[in-house]
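Engineer: To start, I am sharing the structure in question, which I have written as structure tokens.
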Amino acid sequence: MKNIVIFGAPGAGKGTQSDKMIEKYGFGHISTGDVLRAEIKNGTELGKTAKGYIDNGQLIPDELMIDILASVYDSFGKEHKGVIFDGFPRTIPQAEALKKMLSERGHKVAAMIELFVPEEELMKRLLLRGKESGRSDDNEETIKKRLNVYHTQTSPLIDWYEAEGIHHHVEGLGTIDEIFARIAKVIDNL
């Protein structure tokens, strides 16, 4: 079982590369963004609460995210090939909570794969995605807030996973297939 945390700034290509990993390795996938967007779309209480945070470019509270995550993770059953955590953890307390949640099940994170993309490229990708998808959070002002939140609150995770001995830096520029080949090399060596 290879549980993977895919990591990178908004627009780094986490969703795209996760799809390729699912196809090749048969992993489950938990995208906190997708889970939250579904809750918002369905107008659930969680969705309404989450929308307030997201619209302000803020992160969802940890307890809320861990509860959602544990429930989705358990839905894959006990004998899955591994799960990709996409968009979580975003803070060190979340990383610690994820480690605890997995260890309670006798599981662990096998690798944290960091997709690194320069900021100007991220901005280009996100503005384009906003035009193509109509995602309300892909506008210049919100993108700047999200990148700022990423740099201040999320990037310390790189050092945390480095200390855990499972951080893998992957260059996120190039074609989708070139980037995926770099990721596959990491996974194949786990």
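Ordering of the structure tokens sets the chain letters (A, B, ...), residue numbers begin anew at 1 in every chain, and ligands are numbered from 1 in the order given.
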Within 9 Å of region 167-183 of chain A, which residues of region 86-149 of chain A come that close, and what is the closest atom pair and distance in Å for each? Count only C-alpha atoms and give it as CSV.

Structural biologist:
```
residue,atom,partner,partner_atom,distance
A:Ala111,CA,A:His167,CA,6.2
A:Met112,CA,A:His167,CA,4.8
A:Ile113,CA,A:His168,CA,4.9
A:Glu114,CA,A:His169,CA,4.9
A:Leu115,CA,A:Gly172,CA,5.0
A:Phe116,CA,A:Gly172,CA,4.9
A:Val117,CA,A:Gly172,CA,5.1
A:Pro118,CA,A:Leu173,CA,8.5
A:Glu121,CA,A:Leu173,CA,8.8
```

Engineer: Could those residues be written to a file, using all heavy atoms, as a short mmCIF file (atom, residue, chain, number, x, y, z; two decimals), in the first residue's frame?

Structural biologist:
```
data_model
loop_
_atom_site.label_atom_id
_atom_site.label_comp_id
_atom_site.auth_asym_id
_atom_site.auth_seq_id
_atom_site.Cartn_x
_atom_site.Cartn_y
_atom_site.Cartn_z
N ALA A 111 5.01 8.53 0.68
CA ALA A 111 5.78 9.61 0.06
C ALA A 111 4.97 10.89 0.00
O ALA A 111 3.76 10.86 -0.17
CB ALA A 111 6.19 9.22 -1.36
N MET A 112 5.68 12.00 0.15
CA MET A 112 5.11 13.31 -0.14
C MET A 112 5.81 13.79 -1.40
O MET A 112 7.03 13.95 -1.42
CB MET A 112 5.36 14.26 1.02
CG MET A 112 4.68 15.62 0.83
SD MET A 112 5.67 16.80 -0.05
CE MET A 112 5.88 18.02 1.20
N ILE A 113 5.02 13.93 -2.45
CA ILE A 113 5.57 14.37 -3.74
C ILE A 113 5.22 15.83 -3.92
O ILE A 113 4.05 16.21 -4.00
CB ILE A 113 5.00 13.51 -4.89
CG1 ILE A 113 5.46 12.05 -4.71
CG2 ILE A 113 5.45 14.09 -6.24
CD1 ILE A 113 4.87 11.08 -5.71
N GLU A 114 6.27 16.66 -3.95
CA GLU A 114 6.08 18.10 -4.12
C GLU A 114 6.27 18.47 -5.58
O GLU A 114 7.35 18.32 -6.15
CB GLU A 114 7.12 18.86 -3.28
CG GLU A 114 7.08 20.35 -3.49
CD GLU A 114 8.41 21.04 -3.23
OE1 GLU A 114 9.39 20.37 -2.84
OE2 GLU A 114 8.46 22.27 -3.43
N LEU A 115 5.18 18.96 -6.21
CA LEU A 115 5.26 19.46 -7.59
C LEU A 115 5.66 20.93 -7.50
O LEU A 115 4.90 21.75 -7.01
CB LEU A 115 3.89 19.37 -8.26
CG LEU A 115 3.49 18.03 -8.82
CD1 LEU A 115 2.07 18.11 -9.38
CD2 LEU A 115 4.45 17.59 -9.92
N PHE A 116 6.86 21.24 -7.98
CA PHE A 116 7.34 22.61 -7.89
C PHE A 116 7.15 23.34 -9.22
O PHE A 116 7.64 22.89 -10.26
CB PHE A 116 8.81 22.67 -7.48
CG PHE A 116 9.31 24.09 -7.46
CD1 PHE A 116 9.03 24.91 -6.38
CD2 PHE A 116 10.01 24.60 -8.54
CE1 PHE A 116 9.46 26.24 -6.37
CE2 PHE A 116 10.44 25.93 -8.54
CZ PHE A 116 10.15 26.75 -7.46
N VAL A 117 6.43 24.47 -9.17
CA VAL A 117 6.19 25.29 -10.36
C VAL A 117 6.43 26.75 -9.96
O VAL A 117 5.92 27.21 -8.93
CB VAL A 117 4.72 25.12 -10.86
CG1 VAL A 117 4.45 26.00 -12.07
CG2 VAL A 117 4.44 23.66 -11.19
N PRO A 118 7.20 27.51 -10.78
CA PRO A 118 7.44 28.92 -10.48
C PRO A 118 6.13 29.73 -10.44
O PRO A 118 5.19 29.43 -11.15
CB PRO A 118 8.33 29.41 -11.62
CG PRO A 118 8.90 28.17 -12.24
CD PRO A 118 7.91 27.08 -11.98
N GLU A 121 4.28 31.09 -13.62
CA GLU A 121 3.62 30.01 -14.36
C GLU A 121 2.31 29.60 -13.66
O GLU A 121 1.30 29.35 -14.32
CB GLU A 121 4.56 28.82 -14.50
CG GLU A 121 3.96 27.58 -15.16
CD GLU A 121 3.58 27.75 -16.62
OE1 GLU A 121 4.06 28.69 -17.29
OE2 GLU A 121 2.78 26.93 -17.12
#
```

Engineer: Skip Gln94 (chain A) itself and residues of its chain fewer than 4 positions away, then list as a ChimeraX atom specification all residues within 9 Å of it, counting only C-alpha atoms.

Structural biologist: /A:62-63,65-66,88-90,98-99

Engineer: At a cut-off of 12 Å, using only C-alpha atoms, what residues contact region 126-132 of chain A? Leave out same-chain residues fewer than 3 positions from it and give the result as a PyMOL selection string.

Structural biologist: chain A and resi 9-13+119-123+135-144+146-147

Engineer: Take the residues just selected and output them with C-alpha atoms as a PDB file, in the first residue's frame.

Structural biologist:
```
ATOM      1  CA  ALA A   9       0.803  25.427  -4.919  1.00  0.00           C
ATOM      2  CA  PRO A  10      -2.629  26.011  -6.486  1.00  0.00           C
ATOM      3  CA  GLY A  11      -2.197  25.370 -10.228  1.00  0.00           C
ATOM      4  CA  ALA A  12       0.862  23.101  -9.864  1.00  0.00           C
ATOM      5  CA  GLY A  13      -0.959  20.227 -11.606  1.00  0.00           C
ATOM      6  CA  GLU A 119       4.917  31.567  -9.346  1.00  0.00           C
ATOM      7  CA  GLU A 120       4.484  33.343 -12.710  1.00  0.00           C
ATOM      8  CA  GLU A 121       3.618  30.012 -14.363  1.00  0.00           C
ATOM      9  CA  LEU A 122       1.106  29.234 -11.574  1.00  0.00           C
ATOM     10  CA  MET A 123      -0.618  32.584 -12.153  1.00  0.00           C
ATOM     11  CA  ARG A 135     -14.250  28.353 -11.116  1.00  0.00           C
ATOM     12  CA  SER A 136     -15.019  31.452  -9.063  1.00  0.00           C
ATOM     13  CA  ASP A 137     -11.814  31.109  -7.016  1.00  0.00           C
ATOM     14  CA  ASP A 138      -9.623  31.384 -10.135  1.00  0.00           C
ATOM     15  CA  ASN A 139      -9.472  35.185 -10.394  1.00  0.00           C
ATOM     16  CA  GLU A 140      -6.354  37.291  -9.923  1.00  0.00           C
ATOM     17  CA  GLU A 141      -7.183  38.699  -6.473  1.00  0.00           C
ATOM     18  CA  THR A 142      -8.191  35.328  -4.978  1.00  0.00           C
ATOM     19  CA  ILE A 143      -5.246  33.583  -6.674  1.00  0.00           C
ATOM     20  CA  LYS A 144      -2.822  36.027  -5.028  1.00  0.00           C
ATOM     21  CA  ARG A 146      -4.316  31.586  -2.178  1.00  0.00           C
ATOM     22  CA  LEU A 147      -0.634  31.695  -3.183  1.00  0.00           C
TER      23      LEU A 147
END
```

Engineer: Could you find all residues in region 63-158 of chain A that DSSP calls strand (DSSP E or B) from the backbone, and write them as number ranges by chain?

Structural biologist: A: 83-86, 109-116

Engineer: Which of these, A:Ile60, A:Ser75, A:Thr154, A:Ala110, has the shortest distance to Gly47 (chain A) once you count only C-alpha atoms?

Structural biologist: A:Ile60

Engineer: Near Glu39 (chain A), counting only C-alpha atoms, which residues have an atom at most 10 Å away, once you skip same-chain residues fewer than 6 positions from it, shown as a list of chain:residue names?

Structural biologist: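 Residues meeting the cut-off are A:Gly33, A:Glu45, A:Leu46, A:Gly47, A:Lys48, A:Thr49, A:Ala50, A:Lys51.
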
Engineer: I'd like to know which of A:Ala184, A:Val35, A:Val109, A:Ile92 is closest to Pro156 (chain A), using only C-alpha atoms.

Structural biologist: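 Once distances to Pro156 (chain A) are computed over only C-alpha atoms, the minimum belongs to A:Ile92.
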
Engineer: For Phe27 (chain A), work out the shell of residues within 6 Å, counting only C-alpha atoms and skipping chain neighbours fewer than 5 positions away, then give it as a compact mmCIF listing (two decimals) with C-alpha atoms, in the first residue's frame.

Structural biologist:
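The new file part_2.txt reads:
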```txt
# COMPACT_ATOMS: atom_id res chain seq x y z
CA ILE A 22 -4.87 6.57 -10.52
CA LYS A 81 -3.46 -0.14 -3.22
CA GLY A 82 -2.99 3.30 -1.73
CA VAL A 83 -4.67 6.69 -1.65
```

Engineer: Record the distance separating CA of Asn148 (chain A) and CA of Ala95 (chain A), expressed in Å with one decimal.

Structural biologist: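 Distance reported for this atom pair: 19.5 Å.
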
Engineer: To one decimal in Å, tell me the separation between CA of Gly43 (chain A) and CA of Phe7 (chain A).

Structural biologist: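 Straight-line distance from CA of Gly43 (chain A) to CA of Phe7 (chain A) works out to 28.1 Å.
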